[in-house]
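Engineer: The structure file input01.txt (compact mmCIF, C-alpha atoms and all ligand atoms) is provided below.
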```
# COMPACT_ATOMS: atom_id res chain seq x y z
CA MET A 1 -0.42 15.74 -28.42
CA GLU A 2 -1.71 16.37 -24.91
CA TYR A 3 0.42 15.61 -21.89
CA PRO A 4 -0.54 14.87 -18.29
CA ASP A 5 0.94 17.02 -15.51
CA GLY A 6 4.58 16.12 -14.88
CA ALA A 7 5.25 14.79 -18.38
CA THR A 8 7.95 16.23 -20.63
CA PRO A 9 6.63 17.24 -24.06
CA LEU A 10 8.63 16.06 -27.07
CA ASP A 11 10.38 18.50 -29.36
CA PRO A 12 9.56 18.36 -33.10
CA ASP A 13 12.95 16.77 -33.89
CA GLU A 14 12.31 14.13 -31.24
CA MET A 15 8.91 13.42 -32.82
CA GLU A 16 10.81 12.69 -36.03
CA GLY A 17 12.41 9.73 -34.28
CA LEU A 18 9.09 7.89 -34.39
CA ARG A 19 9.48 4.60 -36.27
CA PHE A 20 5.78 4.55 -37.27
CA ARG A 21 4.05 6.83 -39.72
CA HIS A 22 0.45 7.93 -39.36
CA VAL A 23 0.36 8.07 -35.57
CA ALA A 24 -2.32 10.68 -35.09
CA THR A 25 -3.26 10.55 -31.44
CA ARG A 26 -1.72 10.27 -28.04
CA GLY A 27 -3.74 7.06 -27.53
CA GLU A 28 -2.19 5.38 -30.58
CA LEU A 29 1.28 6.35 -29.45
CA ASP A 30 0.57 5.08 -25.92
CA GLU A 31 -0.45 1.70 -27.36
CA LEU A 32 2.66 1.39 -29.50
CA GLU A 33 4.84 2.27 -26.54
CA GLN A 34 2.97 -0.13 -24.26
CA ALA A 35 3.49 -3.03 -26.70
CA ASN A 36 7.21 -2.24 -26.85
CA ILE A 37 7.41 -2.04 -23.04
CA GLU A 38 5.77 -5.44 -22.76
CA SER A 39 8.36 -7.05 -25.04
CA GLY A 40 11.03 -5.27 -23.00
CA LEU A 41 9.57 -6.73 -19.82
CA LEU A 42 9.76 -10.24 -21.33
CA TRP A 43 13.44 -9.64 -22.10
CA LEU A 44 13.89 -8.43 -18.53
CA ALA A 45 12.16 -11.45 -16.99
CA ARG A 46 14.57 -13.80 -18.74
CA LEU A 47 17.57 -11.70 -17.91
CA ARG A 48 20.17 -13.06 -15.55
CA ARG A 49 22.94 -10.58 -15.09
CA LYS A 50 24.58 -9.12 -12.05
CA ASP A 51 25.72 -5.81 -13.54
CA ILE A 52 22.36 -4.07 -13.58
CA LEU A 53 23.64 -1.26 -11.37
CA THR A 54 25.61 0.28 -14.23
CA ASP A 55 24.99 3.17 -16.59
CA GLU A 56 25.33 0.75 -19.48
CA PHE A 57 22.45 -1.36 -18.17
CA ALA A 58 20.24 1.69 -17.63
CA ILE A 59 20.83 2.71 -21.26
CA THR A 60 20.24 -0.83 -22.57
CA LEU A 61 16.99 -1.02 -20.61
CA HIS A 62 15.68 2.19 -22.17
CA LYS A 63 16.52 0.83 -25.61
CA ARG A 64 14.68 -2.44 -24.88
CA LEU A 65 11.60 -0.61 -23.59
CA PHE A 66 11.31 2.02 -26.33
CA GLY A 67 13.59 1.08 -29.24
CA GLU A 68 10.84 -0.40 -31.41
CA VAL A 69 8.99 2.91 -31.31
CA TRP A 70 11.69 5.60 -31.07
CA LYS A 71 14.97 5.82 -32.95
CA TRP A 72 16.52 7.77 -30.07
CA ALA A 73 15.74 5.10 -27.45
CA GLY A 74 18.85 4.53 -25.34
CA ALA A 75 20.36 7.82 -26.52
CA PHE A 76 20.66 10.81 -24.24
CA ARG A 77 18.50 13.88 -24.55
CA ARG A 78 20.13 16.79 -26.44
CA THR A 79 17.68 19.50 -25.49
CA GLY A 80 16.75 21.08 -22.18
CA LYS A 81 13.39 20.18 -20.62
CA ASN A 82 11.42 21.57 -17.71
CA ILE A 83 12.75 18.60 -15.68
CA GLY A 84 16.30 17.30 -15.73
CA VAL A 85 19.94 18.32 -15.73
CA ASP A 86 21.65 20.22 -18.54
CA PRO A 87 22.14 17.71 -21.38
CA ILE A 88 25.95 18.04 -21.21
CA HIS A 89 25.89 16.65 -17.64
CA ILE A 90 23.72 13.60 -18.28
CA ALA A 91 26.51 11.05 -18.88
CA VAL A 92 28.45 11.91 -15.73
CA GLU A 93 25.36 12.24 -13.54
CA LEU A 94 24.01 8.90 -14.73
CA ARG A 95 27.29 7.13 -14.06
CA THR A 96 27.55 8.72 -10.60
CA LEU A 97 23.99 7.69 -9.78
CA MET A 98 24.50 4.07 -10.81
CA ASP A 99 27.81 3.94 -8.91
CA ASP A 100 26.03 5.30 -5.82
CA ALA A 101 23.24 2.72 -6.19
CA ARG A 102 25.89 -0.01 -6.45
CA TYR A 103 27.51 1.31 -3.28
CA TRP A 104 24.16 1.39 -1.41
CA ALA A 105 23.52 -2.24 -2.35
CA ASP A 106 27.02 -3.39 -1.39
CA ASN A 107 26.94 -1.57 1.95
CA GLY A 108 23.29 -1.91 2.96
CA THR A 109 23.05 1.87 3.15
CA TYR A 110 19.25 1.87 2.83
CA GLN A 111 16.43 -0.60 3.18
CA PRO A 112 15.62 -2.05 -0.27
CA VAL A 113 12.51 0.09 -0.97
CA GLU A 114 14.25 3.30 0.06
CA ALA A 115 17.28 2.46 -2.10
CA ALA A 116 15.02 1.77 -5.08
CA LEU A 117 13.05 4.98 -4.55
CA ARG A 118 16.21 7.09 -4.23
CA LEU A 119 17.50 5.55 -7.43
CA HIS A 120 14.14 6.20 -9.11
CA HIS A 121 13.92 9.81 -8.01
CA ARG A 122 17.48 10.69 -8.99
CA MET A 123 17.02 8.97 -12.35
CA VAL A 124 13.91 10.98 -13.24
CA SER A 125 15.61 14.13 -11.92
CA ILE A 126 18.52 13.59 -14.32
CA HIS A 127 15.95 12.79 -17.03
CA PRO A 128 18.50 11.16 -19.34
CA PHE A 129 16.23 10.48 -22.33
CA PRO A 130 13.88 12.58 -24.48
CA ASN A 131 10.87 10.58 -23.26
CA GLY A 132 9.97 7.48 -21.30
CA ASN A 133 11.98 8.54 -18.25
CA GLY A 134 9.22 7.84 -15.74
CA ARG A 135 8.39 4.39 -17.06
CA HIS A 136 12.06 3.49 -17.49
CA ALA A 137 12.96 4.59 -13.96
CA ARG A 138 9.99 2.74 -12.42
CA ILE A 139 10.90 -0.48 -14.21
CA LEU A 140 14.56 -0.02 -13.29
CA ALA A 141 13.67 0.45 -9.61
CA ASP A 142 11.56 -2.72 -9.66
CA THR A 143 14.34 -4.65 -11.43
CA VAL A 144 16.82 -3.57 -8.77
CA LEU A 145 14.43 -4.56 -5.99
CA LYS A 146 13.87 -8.02 -7.46
CA GLN A 147 17.26 -8.87 -8.89
CA ILE A 148 19.64 -7.11 -6.49
CA TYR A 149 17.71 -7.08 -3.23
CA GLY A 150 15.50 -10.14 -3.74
CA ALA A 151 12.55 -7.96 -2.66
CA ALA A 152 9.05 -7.36 -4.05
CA ALA A 153 8.47 -4.78 -6.75
CA ILE A 154 6.72 -1.51 -5.95
CA GLY A 155 3.05 -1.34 -6.92
CA TRP A 156 3.50 2.00 -8.64
CA ALA A 157 0.16 2.17 -10.41
CA GLY A 158 -2.00 0.93 -7.52
CA GLY A 159 -4.80 -0.04 -9.90
CA HIS A 160 -4.59 3.21 -11.92
CA ASP A 161 -2.92 4.18 -15.17
CA LEU A 162 0.05 6.25 -14.02
CA GLN A 163 0.41 7.73 -17.53
CA LYS A 164 -2.93 9.51 -17.13
CA MET A 165 -4.15 12.12 -14.71
CA ASN A 166 -5.79 10.50 -11.69
CA GLU A 167 -5.37 10.57 -7.91
CA ARG A 168 -2.50 8.08 -8.06
CA ARG A 169 -0.50 10.16 -10.55
CA ILE A 170 -1.19 13.32 -8.57
CA ALA A 171 0.20 11.61 -5.44
CA TYR A 172 3.18 10.29 -7.42
CA ILE A 173 4.14 13.66 -8.92
CA ALA A 174 3.61 15.42 -5.56
CA ALA A 175 5.87 12.82 -3.91
CA LEU A 176 8.59 13.40 -6.54
CA ARG A 177 8.34 17.15 -5.95
CA ALA A 178 8.79 16.58 -2.21
CA ALA A 179 11.83 14.41 -3.00
CA ASP A 180 13.15 17.31 -5.15
CA ARG A 181 13.11 19.32 -1.91
CA GLY A 182 14.97 16.54 -0.09
CA ASP A 183 11.95 14.97 1.63
CA MET A 184 11.68 11.25 0.78
CA GLY A 185 8.72 10.76 3.16
CA PRO A 186 5.88 11.16 0.65
CA LEU A 187 7.55 8.85 -1.88
CA MET A 188 8.09 6.23 0.83
CA ALA A 189 4.43 6.57 1.86
CA PHE A 190 3.37 6.33 -1.80
CA ALA A 191 5.26 3.05 -2.23
CA ARG A 192 4.46 1.43 1.08
CA PRO A 193 0.77 0.48 0.90
CA ALA A 194 1.00 -0.67 -2.71
CA GLU A 195 3.89 -2.98 -1.89
CA ARG A 196 1.48 -5.36 -0.23
CA GLU A 197 -0.60 -5.63 -3.40
CA VAL A 198 2.30 -7.13 -5.32
N1 LIG X 201 9.24 17.34 -10.13
C1 LIG X 201 9.74 16.20 -10.62
N2 LIG X 201 10.93 15.73 -10.17
C2 LIG X 201 11.44 14.60 -10.63
N3 LIG X 201 10.84 13.85 -11.57
C3 LIG X 201 9.68 14.24 -12.05
C4 LIG X 201 9.06 15.43 -11.61
N4 LIG X 201 7.88 15.57 -12.27
C5 LIG X 201 7.78 14.50 -13.10
N5 LIG X 201 8.84 13.69 -12.97
C6 LIG X 201 9.09 12.41 -13.65
O1 LIG X 201 9.11 12.61 -15.04
C7 LIG X 201 8.28 11.64 -15.67
C8 LIG X 201 7.79 12.16 -16.99
O2 LIG X 201 8.89 12.17 -17.90
P1 LIG X 201 8.76 11.42 -19.28
O3 LIG X 201 10.11 11.38 -19.92
O4 LIG X 201 7.63 11.99 -20.06
O5 LIG X 201 8.39 9.92 -18.83
P2 LIG X 201 7.22 8.99 -19.37
O6 LIG X 201 7.14 9.23 -20.86
O7 LIG X 201 7.61 7.61 -19.01
O8 LIG X 201 5.97 9.43 -18.66
C9 LIG X 201 7.21 11.35 -14.64
O9 LIG X 201 6.60 10.08 -14.79
C10 LIG X 201 8.01 11.39 -13.37
O10 LIG X 201 8.66 10.13 -13.15
MG MG X 202 6.35 11.05 -21.55
```
Written as structure tokens, how would this file's structure read?
Ligand SMILES: Nc1ncnc2c1ncn2[C@@H]1O[C@H](COP(=O)(O)OP(=O)(O)O)[C@@H](O)[C@H]1O
Ligand SMILES: [Mg+2]

Structural biologist:
Amino acid sequence: MEYPDGATPLDPDEMEGLRFRHVATRGELDELEQANIESGLLWLARLRRKDILTDEFAITLHKRLFGEVWKWAGAFRRTGKNIGVDPIHIAVELRTLMDDARYWADNGTYQPVEAALRLHHRMVSIHPFPNGNGRHARILADTVLKQIYGAAAIGWAGGHDLQKMNERRIAYIAALRAADRGDMGPLMAFARPAEREV
């Protein structure tokens, strides 16, 4: 399997969680995952619940997006990766993040897009799951924008495939790295123009 820059490779025991046999290429796996994500998005579109700023919802969402492909969907990572907190800290960090996001929404701490981007960045920095963290955290941010803030989703892909290497992914990963250093500017700039496309 080949991975684009900024992706977290799967360990052999995580690969064993694949619900399909005979997946030979990255492209086949991408298609299986994409089909699962689309059924997850249908579930999400019908969803009417107010408690989406909870750790339980974040976990349920991952399971809905990836559970038809991976047995470990909705279960926390057990191994260290090049991105993310130590696995033993995932549960507490995730709960703290979702509590903070709830607080931001209740108190109008940030404008909607900034709140969603801060949630997104901290989620991928925790990196709760073995895989699918980027897609999960982008869909979560959009769900929060729409269902909590009544705002438009972020046009993350901007006409590209964010799962592949292209100028859009390069800008996205660079913006996350700036956010790692405490600078939200590039991520805000990344989200701003695309917002109008939605
Ligand atoms: N320096 C970084 N800081 C925070 N998050 C990052 C960084 N680099 C990459 N990421 C995030 O990690 C994701 C890749 O993790 P992965 O679990 O493979 O998600 P996916 O399978 O959905 O692409 C990227 O899409 C991005 O959201
Ligand atoms: Mg990945």

Engineer: Using all atoms listed in the file, which of the listed residues (A:Glu2, A:Ala7, A:Ile139, A:Asp51) sits closest to Glu38 of chain A?

Structural biologist: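 Of A:Glu2, A:Ala7, A:Ile139, A:Asp51, the one nearest Glu38 of chain A, counting all atoms listed in the file, is A:Ile139.
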
Engineer: In Å, how far is it from atom CA of Ala101 of chain A to atom CA of Asp180 of chain A?

Structural biologist: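 Taking atom CA of Ala101 of chain A as the start and atom CA of Asp180 of chain A as the end point, the length is 17.8 Å.
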
Engineer: Using only C-alpha atoms, pick whichever of A:Gly132, A:Gly84, A:Gly158, A:Pro9 has the shortest atom-to-atom distance to Lys63 of chain A.

Structural biologist: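 Using only C-alpha atoms, the shortest distance to Lys63 of chain A belongs to A:Gly132.
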
Engineer: Report the distance between atom C3 of ligand LIG 201 (chain X) and atom CA of Leu10 of chain A in Å, rounded to one decimal place.

Structural biologist: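 Between these atoms lies a distance of 15.2 Å.
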
Engineer: Write out as an NGL selection string each polymer residue (protein, DNA or RNA) that has an atom no more than 7 Å from ligand LIG 201 (chain X), with only C-alpha atoms and all ligand atoms counted.

Structural biologist: :A and (6-9 or 83 or 121 or 124-125 or 127 or 129-136 or 163 or 173 or 176-177 or 180)

Engineer: A:Ala179, A:Ile148, A:Phe76, A:Trp156: which is nearest Arg48 of chain A, counting all atoms listed in the file?

Structural biologist: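 Among A:Ala179, A:Ile148, A:Phe76, A:Trp156, it is A:Ile148 that comes nearest to Arg48 of chain A.
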
Engineer: Suppose you want the space between atom CA of Lys50 of chain A and atom CA of Arg102 of chain A; what is it in Å?

Structural biologist: 10.8 Å

Engineer: Measuring between all atoms listed in the file, which one of A:Leu53, A:Leu65, A:Leu187, A:Ala151 shows the shortest distance to Asn36 of chain A?

Structural biologist: A:Leu65

Engineer: Using all atoms listed in the file, which residues sit within 10 Å of Glu93 of chain A once same-chain residues fewer than 6 positions away are excluded, as a list in words?

Structural biologist: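 Everything that qualifies: Asp55, Val85, Asp99, Arg122, Met123, Ile126 and Pro128 of chain A.
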
Engineer: Return the single residue from A:Gly74, A:Pro186, A:Pro12, A:Gly27 that is closest to His62 of chain A, with distances computed using only C-alpha atoms.

Structural biologist: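 Nearest candidate to His62 of chain A out of A:Gly74, A:Pro186, A:Pro12, A:Gly27: A:Gly74.
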